[in-house]
Structures are given as structure tokens and as C-alpha cells.
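Trainee: Below is structure-v2.tsv; it holds TSV, C-alpha atoms.
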chain	number	residue	atom	x	y	z
A	293	MET	CA	-28.00	19.58	-1.50
A	294	LYS	CA	-31.07	18.19	-3.25
A	295	ILE	CA	-32.24	14.64	-2.78
A	296	GLU	CA	-33.52	14.45	-6.39
A	297	ILE	CA	-30.02	15.13	-7.68
A	298	PHE	CA	-28.49	12.69	-5.21
A	299	ILE	CA	-30.88	9.99	-6.44
A	300	ALA	CA	-29.99	10.80	-10.06
A	301	ASN	CA	-26.27	10.62	-9.25
A	302	PHE	CA	-26.86	7.31	-7.50
A	303	ALA	CA	-28.89	5.90	-10.41
A	304	ALA	CA	-26.19	6.99	-12.88
A	305	GLN	CA	-23.81	4.44	-11.35
A	306	LEU	CA	-26.12	1.51	-12.09
A	307	GLU	CA	-25.78	-0.61	-15.21
A	308	GLU	CA	-28.74	-2.99	-15.31
A	309	THR	CA	-31.43	-1.34	-13.20
A	310	ASP	CA	-33.96	1.00	-14.85
A	311	ALA	CA	-33.12	4.42	-13.38
A	312	SER	CA	-36.81	5.39	-13.33
A	313	ILE	CA	-37.59	2.88	-10.58
A	314	ILE	CA	-34.94	4.36	-8.26
A	315	THR	CA	-36.45	6.48	-5.50
A	316	ALA	CA	-35.46	7.74	-2.06
A	317	GLU	CA	-37.04	4.60	-0.62
A	318	THR	CA	-35.17	2.15	-2.85
A	319	LYS	CA	-33.44	-0.50	-0.74
A	320	PHE	CA	-30.31	-0.32	-2.81
A	321	ARG	CA	-28.53	-3.30	-1.31
A	322	GLU	CA	-31.43	-5.49	-2.49
A	323	LEU	CA	-30.90	-4.54	-6.15
A	324	ASP	CA	-29.97	-7.54	-8.31
A	325	GLU	CA	-26.80	-5.89	-9.54
A	326	TRP	CA	-25.67	-4.64	-6.11
A	327	ASP	CA	-22.19	-5.86	-5.22
A	328	SER	CA	-18.95	-4.65	-3.67
A	329	LEU	CA	-17.85	-2.92	-6.89
A	330	MET	CA	-21.14	-1.00	-7.01
A	331	ALA	CA	-20.52	0.06	-3.41
A	332	LEU	CA	-17.13	1.46	-4.50
A	333	TYR	CA	-18.83	3.34	-7.34
A	334	ILE	CA	-21.18	5.02	-4.87
A	335	ILE	CA	-18.31	5.90	-2.49
A	336	ALA	CA	-16.34	7.40	-5.40
A	337	MET	CA	-19.40	9.27	-6.74
A	338	VAL	CA	-20.10	10.81	-3.32
A	339	ASP	CA	-16.48	11.91	-3.04
A	340	GLU	CA	-16.38	13.34	-6.56
A	341	GLU	CA	-19.80	15.09	-6.51
A	342	TYR	CA	-19.99	16.20	-2.88
A	343	GLY	CA	-16.41	16.09	-1.58
A	344	VAL	CA	-17.64	13.82	1.21
A	345	LYS	CA	-15.87	10.66	2.34
A	346	ILE	CA	-18.18	7.81	3.20
A	347	LYS	CA	-17.13	4.36	4.32
A	348	GLY	CA	-18.17	0.83	3.57
A	349	ASP	CA	-19.80	0.78	7.00
A	350	ASP	CA	-21.95	3.83	6.13
A	351	MET	CA	-23.28	1.84	3.19
A	352	ARG	CA	-23.94	-1.18	5.32
A	353	ASN	CA	-25.79	0.90	7.91
A	354	SER	CA	-28.06	2.42	5.27
A	355	ILE	CA	-31.22	0.61	4.21
A	356	CYS	CA	-32.52	2.92	1.50
A	357	ILE	CA	-31.03	5.70	-0.60
A	358	LYS	CA	-32.55	8.33	1.69
A	359	ASP	CA	-30.53	6.95	4.64
A	360	LEU	CA	-27.35	7.36	2.64
A	361	TYR	CA	-28.43	10.81	1.47
A	362	GLU	CA	-28.87	11.89	5.11
A	363	ILE	CA	-25.35	10.71	5.98
A	364	VAL	CA	-23.84	12.59	3.04
A	365	LYS	CA	-25.96	15.69	3.72
A	366	ALA	CA	-24.84	15.84	7.37
A	367	ARG	CA	-21.17	15.68	6.39
A	368	PHE	CA	-21.64	17.98	3.39
A	369	LYS	CA	-22.86	20.73	5.73
A	370	THR	CA	-20.01	20.19	8.12
A	371	THR	CA	-17.58	20.48	5.24
A	372	LEU	CA	-19.09	23.79	4.16
A	373	VAL	CA	-18.81	25.26	7.66
B	996	MET	CA	26.87	-19.71	15.90
B	997	TYR	CA	26.45	-20.77	12.28
B	998	ASN	CA	23.89	-18.52	10.62
B	999	PRO	CA	24.10	-17.67	6.91
B	1000	PHE	CA	21.02	-15.46	7.36
B	1001	SER	CA	22.71	-13.16	9.86
B	1002	LEU	CA	22.95	-9.45	9.10
B	1003	LYS	CA	25.77	-8.89	11.57
B	1004	GLY	CA	28.13	-6.19	10.33
B	1005	LYS	CA	25.66	-4.98	7.70
B	1006	THR	CA	24.07	-1.54	7.58
B	1007	ILE	CA	20.52	-1.57	6.23
B	1008	LEU	CA	18.39	1.40	5.18
B	1009	VAL	CA	14.64	0.85	5.61
B	1010	THR	CA	12.05	3.28	4.21
B	1011	GLY	CA	8.51	3.50	5.52
B	1012	ALA	CA	9.84	2.42	8.90
B	1013	SER	CA	7.20	4.22	10.93
B	1014	SER	CA	4.59	1.49	10.57
B	1015	GLY	CA	3.53	-1.85	9.17
B	1016	ILE	CA	6.02	-3.90	7.16
B	1017	GLY	CA	8.72	-1.20	7.34
B	1018	LYS	CA	8.58	-1.07	11.11
B	1019	ALA	CA	8.69	-4.86	11.46
B	1020	THR	CA	11.57	-5.01	8.98
B	1021	ALA	CA	13.64	-2.44	10.89
B	1022	ILE	CA	13.06	-4.23	14.20
B	1023	GLU	CA	13.73	-7.75	12.86
B	1024	CYS	CA	16.87	-6.59	11.00
B	1025	SER	CA	18.20	-5.11	14.25
B	1026	LYS	CA	17.41	-8.33	16.10
B	1027	ILE	CA	19.43	-10.37	13.63
B	1028	GLY	CA	22.47	-8.13	13.96
B	1029	ALA	CA	22.13	-5.29	11.47
B	1030	THR	CA	22.84	-1.65	12.07
B	1031	VAL	CA	19.65	-0.03	10.85
B	1032	VAL	CA	19.03	3.37	9.29
B	1033	ILE	CA	15.31	4.06	9.44
B	1034	THR	CA	13.44	6.72	7.53
B	1035	GLY	CA	9.83	7.88	7.33
B	1036	ARG	CA	7.73	11.02	7.21
B	1037	ASP	CA	6.29	10.96	10.73
B	1038	GLU	CA	8.92	11.82	13.34
B	1039	GLN	CA	6.90	10.63	16.34
B	1040	ARG	CA	6.10	7.25	14.86
B	1041	LEU	CA	9.67	6.92	13.60
B	1042	ASN	CA	10.90	7.53	17.16
B	1043	LEU	CA	8.61	4.76	18.35
B	1044	THR	CA	10.18	2.32	15.87
B	1045	TYR	CA	13.64	3.57	16.85
B	1046	SER	CA	12.96	2.87	20.52
B	1047	GLN	CA	12.14	-0.74	19.65
B	1048	LEU	CA	15.39	-1.45	17.79
B	1049	GLU	CA	17.81	-3.87	19.45
B	1050	GLY	CA	21.51	-3.14	19.74
B	1051	SER	CA	23.19	0.18	19.18
B	1052	GLY	CA	24.49	2.48	16.44
B	1053	HIS	CA	21.17	2.82	14.62
B	1054	LEU	CA	20.15	6.03	12.85
B	1055	LYS	CA	16.82	7.70	12.21
B	1056	LEU	CA	16.32	10.27	9.47
B	1057	VAL	CA	12.97	11.97	8.88
B	1058	ALA	CA	12.33	12.61	5.19
B	1059	ASP	CA	9.44	13.21	2.84
B	1060	PHE	CA	10.49	11.66	-0.46
B	1061	LYS	CA	8.01	13.73	-2.44
B	1062	ILE	CA	10.26	16.71	-1.72
B	1063	GLU	CA	13.33	16.37	-3.94
B	1064	ASP	CA	15.58	18.30	-1.52
B	1065	GLU	CA	14.71	15.94	1.32
B	1066	LEU	CA	15.46	12.93	-0.87
B	1067	VAL	CA	18.84	14.40	-1.81
B	1068	ALA	CA	19.59	15.28	1.81
B	1069	LEU	CA	18.77	11.75	2.92
B	1070	VAL	CA	21.17	10.26	0.38
B	1071	ASN	CA	23.88	12.69	1.57
B	1072	ASN	CA	23.27	11.91	5.22
B	1073	ILE	CA	23.29	8.11	5.13
B	1074	PRO	CA	26.47	6.14	5.64
B	1075	GLU	CA	27.61	3.47	3.15
B	1076	ILE	CA	25.05	0.68	3.26
B	1077	ASP	CA	24.87	-3.05	2.58
B	1078	GLY	CA	21.16	-3.11	1.93
B	1079	LEU	CA	18.22	-0.90	0.97
B	1080	VAL	CA	14.65	-1.95	1.69
B	1081	ASN	CA	12.02	0.13	-0.12
B	1082	VAL	CA	8.88	-0.35	1.94
B	1083	ALA	CA	7.16	3.06	1.99
B	1084	GLY	CA	3.89	2.77	0.11
B	1085	ILE	CA	0.27	3.82	-0.01
B	1086	VAL	CA	-3.03	2.34	-1.08
B	1087	LYS	CA	-5.93	4.09	-2.77
B	1088	THR	CA	-9.16	2.32	-3.56
B	1089	LEU	CA	-10.99	3.80	-6.53
B	1090	PRO	CA	-12.97	2.05	-9.27
B	1091	PHE	CA	-11.28	2.41	-12.66
B	1092	GLN	CA	-13.89	4.73	-14.11
B	1093	PHE	CA	-13.15	7.25	-11.33
B	1094	VAL	CA	-9.37	7.12	-11.75
B	1095	ASN	CA	-7.89	10.57	-12.28
B	1096	ARG	CA	-4.48	12.12	-12.86
B	1097	VAL	CA	-4.14	13.58	-9.35
B	1098	GLU	CA	-4.72	10.25	-7.58
B	1099	LEU	CA	-2.69	8.33	-10.14
B	1100	MET	CA	0.26	10.70	-9.79
B	1101	ASN	CA	0.01	10.59	-6.01
B	1102	ILE	CA	0.14	6.80	-5.76
B	1103	PHE	CA	2.89	6.53	-8.39
B	1104	ASP	CA	4.86	9.21	-6.57
B	1105	VAL	CA	4.97	7.23	-3.34
B	1106	ASN	CA	4.93	3.64	-4.64
B	1107	PHE	CA	7.07	3.99	-7.76
B	1108	PHE	CA	8.95	7.27	-8.33
B	1109	SER	CA	10.22	7.67	-4.77
B	1110	PRO	CA	11.68	4.18	-4.23
B	1111	VAL	CA	13.10	4.11	-7.75
B	1112	LEU	CA	14.72	7.55	-7.50
B	1113	LEU	CA	16.00	6.87	-3.98
B	1114	SER	CA	17.64	3.68	-5.25
B	1115	GLN	CA	19.04	5.52	-8.28
B	1116	LYS	CA	20.54	8.31	-6.17
B	1117	ILE	CA	22.08	5.88	-3.69
B	1118	VAL	CA	23.61	3.84	-6.51
B	1119	LYS	CA	24.94	6.95	-8.24
B	1120	ALA	CA	26.41	8.25	-4.97
B	1121	ARG	CA	28.15	4.86	-4.63
B	1122	LYS	CA	26.74	4.35	-1.19
B	1123	LEU	CA	25.78	0.73	-1.79
B	1124	LYS	CA	28.76	-1.50	-1.12
B	1125	LYS	CA	29.83	-4.36	-3.41
B	1126	GLY	CA	27.74	-7.41	-2.54
B	1127	SER	CA	24.86	-5.30	-1.32
B	1128	SER	CA	21.18	-5.91	-1.86
B	1129	ILE	CA	18.16	-3.79	-2.82
B	1130	VAL	CA	14.73	-5.13	-1.88
B	1131	PHE	CA	11.46	-3.68	-3.13
B	1132	ILE	CA	8.10	-4.41	-1.59
B	1133	SER	CA	6.03	-5.06	-4.68
B	1134	SER	CA	2.77	-7.01	-4.35
B	1135	ILE	CA	0.83	-9.92	-5.75
B	1136	GLU	CA	-1.46	-7.11	-7.01
B	1137	GLY	CA	-0.44	-6.03	-10.47
B	1138	THR	CA	2.08	-8.83	-10.91
B	1139	VAL	CA	-0.22	-11.82	-10.46
B	1140	THR	CA	-3.64	-10.71	-9.24
B	1141	THR	CA	-5.95	-7.73	-9.13
B	1142	HIS	CA	-8.92	-6.79	-6.98
B	1143	ILE	CA	-11.77	-4.40	-7.69
B	1144	GLY	CA	-10.98	-0.76	-6.98
B	1145	ASN	CA	-7.25	-1.45	-6.90
B	1146	SER	CA	-6.15	-0.58	-10.44
B	1147	MET	CA	-3.83	2.31	-9.51
B	1148	TYR	CA	-2.09	0.38	-6.75
B	1149	ALA	CA	-1.73	-2.68	-8.99
B	1150	ALA	CA	-0.22	-0.56	-11.76
B	1151	SER	CA	2.29	1.06	-9.40
B	1152	LYS	CA	3.42	-2.32	-8.04
B	1153	GLY	CA	3.58	-3.86	-11.51
B	1154	ALA	CA	5.87	-0.98	-12.49
B	1155	VAL	CA	8.09	-1.63	-9.46
B	1156	SER	CA	8.49	-5.30	-10.36
B	1157	ALA	CA	9.22	-4.38	-13.98
B	1158	ILE	CA	11.95	-1.84	-13.26
B	1159	SER	CA	13.56	-4.07	-10.64
B	1160	LYS	CA	14.32	-6.64	-13.34
B	1161	ASN	CA	16.29	-4.11	-15.34
B	1162	MET	CA	18.01	-2.85	-12.20
B	1163	ALA	CA	19.01	-6.41	-11.35
B	1164	LEU	CA	20.55	-6.77	-14.80
B	1165	GLU	CA	22.41	-3.46	-14.89
B	1166	LEU	CA	23.51	-3.40	-11.26
B	1167	ALA	CA	24.91	-6.94	-11.44
B	1168	ALA	CA	28.10	-5.32	-12.79
B	1169	LYS	CA	28.37	-3.44	-9.50
B	1170	LYS	CA	27.67	-6.69	-7.58
B	1171	ILE	CA	24.43	-5.22	-6.30
B	1172	ARG	CA	21.47	-7.60	-6.21
B	1173	VAL	CA	17.90	-6.41	-6.74
B	1174	ASN	CA	14.83	-8.41	-5.75
B	1175	CYS	CA	11.13	-7.95	-5.04
B	1176	ILE	CA	8.84	-9.42	-2.45
B	1177	LEU	CA	5.25	-10.02	-3.54
B	1178	PRO	CA	3.15	-10.08	-0.41
B	1179	GLY	CA	-0.54	-10.92	-0.29
B	1180	MET	CA	-2.67	-9.14	2.29
B	1181	VAL	CA	-0.64	-8.34	5.38
B	1182	GLU	CA	-2.11	-7.10	8.67
B	1183	THR	CA	-1.01	-3.44	8.54
B	1184	PRO	CA	-2.82	-0.10	8.88
B	1185	LEU	CA	-2.99	0.05	5.07
B	1186	ILE	CA	-5.35	-2.85	4.48
B	1187	ASN	CA	-8.55	-1.08	5.38
B	1188	LEU	CA	-8.95	2.63	4.97
B	1189	GLY	CA	-12.73	2.31	5.20
B	1190	GLU	CA	-13.94	1.66	1.66
B	1191	ILE	CA	-14.47	-1.98	2.46
B	1192	THR	CA	-16.23	-3.41	5.49
B	1193	GLU	CA	-14.70	-5.70	8.11
B	1194	GLU	CA	-17.05	-8.42	6.83
B	1195	GLN	CA	-15.55	-8.14	3.34
B	1196	LEU	CA	-12.06	-8.38	4.81
B	1197	GLU	CA	-13.06	-11.51	6.73
B	1198	ALA	CA	-14.47	-13.00	3.53
B	1199	ASP	CA	-11.22	-12.19	1.70
B	1200	LYS	CA	-9.25	-13.85	4.48
B	1201	ARG	CA	-11.14	-17.09	3.94
B	1202	LEU	CA	-9.94	-17.15	0.31
B	1203	TYR	CA	-6.38	-17.72	1.53
B	1204	PRO	CA	-5.50	-21.43	1.70
B	1205	LEU	CA	-3.75	-20.72	5.02
B	1206	LYS	CA	-6.97	-18.99	6.18
B	1207	ARG	CA	-5.41	-15.76	7.38
B	1208	PHE	CA	-3.59	-12.65	6.25
B	1209	GLY	CA	0.16	-12.34	6.74
B	1210	LYS	CA	1.93	-10.72	9.64
B	1211	PRO	CA	4.46	-7.93	8.99
B	1212	GLU	CA	7.21	-10.08	10.56
B	1213	GLU	CA	6.54	-12.83	8.04
B	1214	VAL	CA	7.41	-10.41	5.24
B	1215	ALA	CA	10.40	-9.11	7.22
B	1216	TYR	CA	11.89	-12.62	7.44
B	1217	ALA	CA	11.83	-12.89	3.63
B	1218	ILE	CA	13.45	-9.46	3.37
B	1219	ILE	CA	16.17	-10.58	5.77
B	1220	TYR	CA	16.86	-13.57	3.52
B	1221	LEU	CA	17.22	-11.28	0.49
B	1222	LEU	CA	19.52	-8.92	2.42
B	1223	SER	CA	21.70	-11.69	3.80
B	1224	ASP	CA	24.56	-13.57	2.18
B	1225	ALA	CA	22.28	-16.62	2.11
B	1226	SER	CA	20.76	-15.15	-1.07
B	1227	SER	CA	24.07	-14.11	-2.68
B	1228	TRP	CA	23.15	-15.82	-5.99
B	1229	VAL	CA	19.59	-14.46	-6.05
B	1230	THR	CA	18.87	-11.41	-8.18
B	1231	GLY	CA	15.90	-10.31	-10.31
B	1232	SER	CA	13.52	-12.54	-8.38
B	1233	ASN	CA	9.95	-11.95	-7.27
B	1234	LEU	CA	9.39	-13.84	-4.03
B	1235	LEU	CA	5.77	-14.73	-3.25
B	1236	ILE	CA	4.68	-14.45	0.38
B	1237	ASP	CA	0.95	-14.89	0.13
B	1238	GLY	CA	-0.39	-17.72	2.27
B	1239	GLY	CA	-1.08	-19.64	-0.94
B	1240	PHE	CA	-3.52	-17.03	-2.30
B	1241	THR	CA	-2.25	-17.16	-5.88
B	1242	LEU	CA	-2.51	-20.95	-6.07
B	1243	LEU	CA	-6.24	-20.73	-6.71
With the file now loaded, output its structure as C-alpha cells.
Mentor:
Amino acid sequence: MKIEIFIANFAAQLEETDASIITAETKFRELDEWDSLMALYIIAMVDEEYGVKIKGDDMRNSICIKDLYEIVKARFKTTLV
Amino acid sequence: MYNPFSLKGKTILVTGASSGIGKATAIECSKIGATVVITGRDEQRLNLTYSQLEGSGHLKLVADFKIEDELVALVNNIPEIDGLVNVAGIVKTLPFQFVNRVELMNIFDVNFFSPVLLSQKIVKARKLKKGSSIVFISSIEGTVTTHIGNSMYAASKGAVSAISKNMALELAAKKIRVNCILPGMVETPLINLGEITEEQLEADKRLYPLKRFGKPEEVAYAIIYLLSDASSWVTGSNLLIDGGFTLL
């Protein structure tokens, strides 16, 4: 599971934000367009792309995209085993 | 004692009786005099509901409605009834652009096809007595409101309310009444499967003029009204139970 691809998948859900400014360190909940619908997009993307279920609380406990990536990565491995 | 809302002498079938609104409905119906037939998928949880029923003569029948044979067996195994309450339902939160056939079929299977086909089979088998009542748990979602991520659920409930109107019309000839309840958010295990945070739920709660979500019993009382002879001239209705949510 590559972080570059995770970031690209994340950025693909955004409408207004320039995807090129999205990095592992992006504090996604501070984005202008971030709202509860966007959170649902990310949850659905993670499920569809990685087969991993994340919760609203996982989002809330993540500051930047890397934090979220680590959560997904940990569960992705578990799923594979 | 004078009580036009009593269900004494009536036999009521309740689906989804292992938790939430179904469980509360089964228990409240038994308390107000009904003989209750409860059904659900989970035997253990169904037993728990069964143990909380008041009075005697109640039945419990485990069935998974997605399996046609189990649906048919259930219809064969129930006695003649005076009321059917279709409560079994599921929720799936998914933004519209992620909606897919598998999830859509799954939610329609449980929320629409199963209650509709159960009702159809019971009617056809003539197991609903004259003067009986069918109650569907629809929702404010899909009939009045919608929330983000809830398109599939809203569609399934909108479909339930739509078909119930036709059923009310056609089944009037058999003296069977058909009505829907449209609850707002009710405190059941369904309301948060994790996609939304507790904070978001609290914020949603504050949007209700009565400043809280409903309790399962508060929906059960409305169901009792629609099952009882107190509502004998009520058919094809959609009864709002929403703490005032749709006023705004």
C-alpha cells in the first residue's frame, strides 16, 4: 500500500481544492471545502479502494492525511492476513 | 375499563422484533393485551424479546426473509392474525456517487422487498382477518426529508410509502387497513453504525424542536393506535412521529 496512491485517491474526492497542494502532511479537516459529506466520500473511497472500514471517529482522530493513511494501512495488513 | 386502543383478543405479527422499534413494539403490544408473534433473524436476541413479553400464548419464529423458503415457511406457520407490523429494516450510509447495485439490492431486499412480499403472501394465504391492520415503518427520509449519504435508505422508504397507498386502496375490499409510520431519528442500534461521529449525532439532535431523538416506545404507541379499533377509519395514512423535525 503506497502513500502516494493513497494521497491521490484522497485528492480525487475533492472538488474545489487544487490536488497538487495535497500532501501527506495536509491537515485535511482544515480544508475550506471539508465537511461531513466529504468525510463520507473518504470513508467510501477507503472501503472501495482498500476494502477497509474506517469510522467517523478515525477521521476525527486524524490530523493529517498521513495519520489516516497509517490507520488504513494497519487494517489493510490485518485484512490480508 | 374503557379503552378503544386496547389490543385484547388480537394476534399481532411483528417483524424485526429482536431489537429497536420491533422489540419495543412487541413488548408494548403484549402489555396492552395482544397475543404477539415475533420474528427476526437472530434467535438469541429474539429469545430475549420473548422473555420480556407480558401475558401468555405468544409465539416466536426465527426467519431470514431474504431466503424465500423461510418466508414461505413463516407464512405457513403463523396463525390467523389481526395485525402485521413490518419493522425489520437496515441502514447503509454511502454518498450517492459510491452507490452500487450490490448495496442497493441489499437495502431494498430488507427494507422493501421483504416486507412487501411478506404482506402479499399473508394476504394471499388469507391469514389477515377482516378488520385487520398492516403497519409499515417507513421514515421521514425519502418521504419528506433526506440527509447526506442516505440516498439508498431514503429510496427504499419512499418505495414503502408509495406501495402502501396502493395496498390500502386494494385491500380495503378485504377490510384490511394499511398505514405507514414516518419516524424521525429514534434511539436504536441502527442510528450510528460508525460513519458519523457522536458529535454529529448530538448536533442533529439539536435540530429537533423537541431537542431529542425519539424512543422506540414512542413509535410503538403510534403503531398500537394503527393496530387498534381506535383507527378503524384510518387507511392509507402516513403518520409523522418526528419530534417536530419536519416543521423546519
Trainee: Could you tell me how far CA of Leu1008 (chain B) lies from CA of Thr1088 (chain B), in Å and to one decimal?
Mentor: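 About the pair CA of Leu1008 (chain B) and CA of Thr1088 (chain B): they are 28.9 Å apart.
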Trainee: I'd like to know which of A:Lys347, A:Arg352, A:Arg321, A:Lys294 is closest to chain B, using only C-alpha atoms.
Mentor: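 Once distances to chain B are computed over only C-alpha atoms, the minimum belongs to A:Lys347.
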Trainee: Dig up all the protein and nucleic acid residues within 10 Å of (-26.7, -1.2, -14.4) in the file frame, using all atoms listed in the file, and format them as a PDB file with C-alpha atoms, keeping the file's coordinate frame.
Mentor:
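Below is the file that was written, out32.pdb:
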ATOM      1  CA  ALA A 303     -28.890   5.900 -10.410  1.00  0.00           C
ATOM      2  CA  ALA A 304     -26.190   6.990 -12.880  1.00  0.00           C
ATOM      3  CA  GLN A 305     -23.810   4.440 -11.350  1.00  0.00           C
ATOM      4  CA  LEU A 306     -26.120   1.510 -12.090  1.00  0.00           C
ATOM      5  CA  GLU A 307     -25.780  -0.610 -15.210  1.00  0.00           C
ATOM      6  CA  GLU A 308     -28.740  -2.990 -15.310  1.00  0.00           C
ATOM      7  CA  THR A 309     -31.430  -1.340 -13.200  1.00  0.00           C
ATOM      8  CA  ASP A 310     -33.960   1.000 -14.850  1.00  0.00           C
ATOM      9  CA  ALA A 311     -33.120   4.420 -13.380  1.00  0.00           C
ATOM     10  CA  LEU A 323     -30.900  -4.540  -6.150  1.00  0.00           C
ATOM     11  CA  ASP A 324     -29.970  -7.540  -8.310  1.00  0.00           C
ATOM     12  CA  GLU A 325     -26.800  -5.890  -9.540  1.00  0.00           C
ATOM     13  CA  TRP A 326     -25.670  -4.640  -6.110  1.00  0.00           C
ATOM     14  CA  MET A 330     -21.140  -1.000  -7.010  1.00  0.00           C
TER      15      MET A 330
END
Trainee: Would you mind listing, as a ChimeraX atom specification, all residues of chain A that have at least one atom within 10 Å of chain B, where only C-alpha atoms are what counts?
Mentor: /A:328-337,340,345-352
Trainee: I need the residue nearest Lys365 (chain A) from this list: A:Glu341, A:Lys319, A:Met293, A:Asn353. Use all atoms listed in the file for the distance.
Mentor: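 Using all atoms listed in the file, Lys365 (chain A) sits closest to A:Met293.
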Trainee: Which residues are close to Ser1127 (chain B), i.e. within 12 Å by all atoms listed in the file, leaving aside same-chain residues fewer than 4 positions away? Reply as a VMD selection string.
Mentor: chain B and resid 1002 1005 to 1008 1075 to 1080 1117 to 1118 1121 to 1123 1163 1166 to 1174 1221 to 1224 1226 to 1230
Trainee: Near Ala1019 (chain B), within 8 Å and counting only C-alpha atoms, which residues show up once chain neighbours fewer than 4 positions away are dropped, as a ChimeraX atom specification?
Mentor: /B:1012,1014-1015,1023,1211-1212,1215
Trainee: Can you work out the spacing between CA of Val344 (chain A) and CA of Ala366 (chain A) in Å, to one decimal?
Mentor: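 So the two atoms, CA of Val344 (chain A) and CA of Ala366 (chain A), lie 9.7 Å apart.
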Trainee: Restricting the calculation to all atoms listed in the file: of B:Ala1058, B:His1053, B:Met1180, B:Cys1024, which residue gets closest to Glu1038 (chain B)?
Mentor: B:Ala1058
Trainee: If I take CA of Gly1179 (chain B) and CA of Ile1135 (chain B), how far is one from the other in Å, to one decimal?
Mentor: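 For CA of Gly1179 (chain B) relative to CA of Ile1135 (chain B), the distance reads 5.7 Å.
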Trainee: Leaving out Leu1185 (chain B) and any residue of its chain fewer than 5 positions from it, which residues lie within 9 Å of it when counting all atoms listed in the file, given as a PyMOL selection string?
Mentor: chain B and resi 1015+1084-1086
Trainee: With distances taken over only C-alpha atoms, which residue among B:Pro1110, B:Pro1178, B:Gly1238, B:Pro1074 lies nearest Lys1200 (chain B)?
Mentor: B:Gly1238
Trainee: Any chance you could build region 355-362 of chain A out to all heavy atoms and write it as a PDB file, in the frame of the given file?
Mentor:
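Heads up, here's the output in rebuild.pdb:
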ATOM      1  N   ILE A 355     -30.277   1.546   4.817  1.00  0.00           N
ATOM      2  CA  ILE A 355     -31.220   0.610   4.210  1.00  0.00           C
ATOM      3  C   ILE A 355     -31.617   1.122   2.821  1.00  0.00           C
ATOM      4  O   ILE A 355     -31.486   0.417   1.834  1.00  0.00           O
ATOM      5  CB  ILE A 355     -32.515   0.458   5.063  1.00  0.00           C
ATOM      6  CG1 ILE A 355     -32.165   0.123   6.527  1.00  0.00           C
ATOM      7  CG2 ILE A 355     -33.456  -0.577   4.437  1.00  0.00           C
ATOM      8  CD1 ILE A 355     -31.752  -1.300   6.791  1.00  0.00           C
ATOM      9  N   CYS A 356     -32.075   2.370   2.788  1.00  0.00           N
ATOM     10  CA  CYS A 356     -32.520   2.920   1.500  1.00  0.00           C
ATOM     11  C   CYS A 356     -31.658   4.133   1.121  1.00  0.00           C
ATOM     12  O   CYS A 356     -30.837   4.600   1.924  1.00  0.00           O
ATOM     13  CB  CYS A 356     -34.000   3.284   1.547  1.00  0.00           C
ATOM     14  SG  CYS A 356     -34.382   4.524   2.763  1.00  0.00           S
ATOM     15  N   ILE A 357     -31.857   4.614  -0.089  1.00  0.00           N
ATOM     16  CA  ILE A 357     -31.030   5.700  -0.600  1.00  0.00           C
ATOM     17  C   ILE A 357     -31.145   6.951   0.270  1.00  0.00           C
ATOM     18  O   ILE A 357     -30.171   7.665   0.487  1.00  0.00           O
ATOM     19  CB  ILE A 357     -31.395   6.003  -2.076  1.00  0.00           C
ATOM     20  CG1 ILE A 357     -31.002   4.797  -2.935  1.00  0.00           C
ATOM     21  CG2 ILE A 357     -30.693   7.271  -2.580  1.00  0.00           C
ATOM     22  CD1 ILE A 357     -31.330   4.934  -4.409  1.00  0.00           C
ATOM     23  N   LYS A 358     -32.345   7.160   0.825  1.00  0.00           N
ATOM     24  CA  LYS A 358     -32.550   8.330   1.690  1.00  0.00           C
ATOM     25  C   LYS A 358     -31.613   8.286   2.909  1.00  0.00           C
ATOM     26  O   LYS A 358     -31.070   9.318   3.325  1.00  0.00           O
ATOM     27  CB  LYS A 358     -34.015   8.382   2.152  1.00  0.00           C
ATOM     28  CG  LYS A 358     -34.378   9.664   2.867  1.00  0.00           C
ATOM     29  CD  LYS A 358     -35.898   9.787   2.994  1.00  0.00           C
ATOM     30  CE  LYS A 358     -36.306  11.119   3.630  1.00  0.00           C
ATOM     31  NZ  LYS A 358     -35.805  11.278   5.000  1.00  0.00           N
ATOM     32  N   ASP A 359     -31.424   7.091   3.463  1.00  0.00           N
ATOM     33  CA  ASP A 359     -30.530   6.950   4.640  1.00  0.00           C
ATOM     34  C   ASP A 359     -29.116   7.418   4.271  1.00  0.00           C
ATOM     35  O   ASP A 359     -28.461   8.126   5.025  1.00  0.00           O
ATOM     36  CB  ASP A 359     -30.447   5.481   5.092  1.00  0.00           C
ATOM     37  CG  ASP A 359     -31.806   4.953   5.527  1.00  0.00           C
ATOM     38  OD1 ASP A 359     -32.643   5.768   5.954  1.00  0.00           O
ATOM     39  OD2 ASP A 359     -32.022   3.728   5.417  1.00  0.00           O
ATOM     40  N   LEU A 360     -28.701   7.005   3.089  1.00  0.00           N
ATOM     41  CA  LEU A 360     -27.350   7.360   2.640  1.00  0.00           C
ATOM     42  C   LEU A 360     -27.268   8.864   2.364  1.00  0.00           C
ATOM     43  O   LEU A 360     -26.291   9.529   2.724  1.00  0.00           O
ATOM     44  CB  LEU A 360     -27.032   6.561   1.364  1.00  0.00           C
ATOM     45  CG  LEU A 360     -25.566   6.482   0.963  1.00  0.00           C
ATOM     46  CD1 LEU A 360     -24.730   5.832   2.054  1.00  0.00           C
ATOM     47  CD2 LEU A 360     -25.432   5.676  -0.332  1.00  0.00           C
ATOM     48  N   TYR A 361     -28.338   9.376   1.752  1.00  0.00           N
ATOM     49  CA  TYR A 361     -28.430  10.810   1.470  1.00  0.00           C
ATOM     50  C   TYR A 361     -28.272  11.624   2.773  1.00  0.00           C
ATOM     51  O   TYR A 361     -27.531  12.618   2.806  1.00  0.00           O
ATOM     52  CB  TYR A 361     -29.771  11.124   0.799  1.00  0.00           C
ATOM     53  CG  TYR A 361     -30.104  12.594   0.751  1.00  0.00           C
ATOM     54  CD1 TYR A 361     -29.484  13.441  -0.170  1.00  0.00           C
ATOM     55  CD2 TYR A 361     -31.041  13.141   1.640  1.00  0.00           C
ATOM     56  CE1 TYR A 361     -29.776  14.795  -0.197  1.00  0.00           C
ATOM     57  CE2 TYR A 361     -31.345  14.495   1.620  1.00  0.00           C
ATOM     58  CZ  TYR A 361     -30.705  15.326   0.696  1.00  0.00           C
ATOM     59  OH  TYR A 361     -30.997  16.657   0.680  1.00  0.00           O
ATOM     60  N   GLU A 362     -28.930  11.166   3.829  1.00  0.00           N
ATOM     61  CA  GLU A 362     -28.870  11.890   5.110  1.00  0.00           C
ATOM     62  C   GLU A 362     -27.440  11.911   5.663  1.00  0.00           C
ATOM     63  O   GLU A 362     -26.982  12.915   6.199  1.00  0.00           O
ATOM     64  CB  GLU A 362     -29.818  11.254   6.141  1.00  0.00           C
ATOM     65  CG  GLU A 362     -31.305  11.383   5.820  1.00  0.00           C
ATOM     66  CD  GLU A 362     -31.797  12.835   5.754  1.00  0.00           C
ATOM     67  OE1 GLU A 362     -31.126  13.728   6.312  1.00  0.00           O
ATOM     68  OE2 GLU A 362     -32.845  13.071   5.108  1.00  0.00           O
TER      69      GLU A 362
END
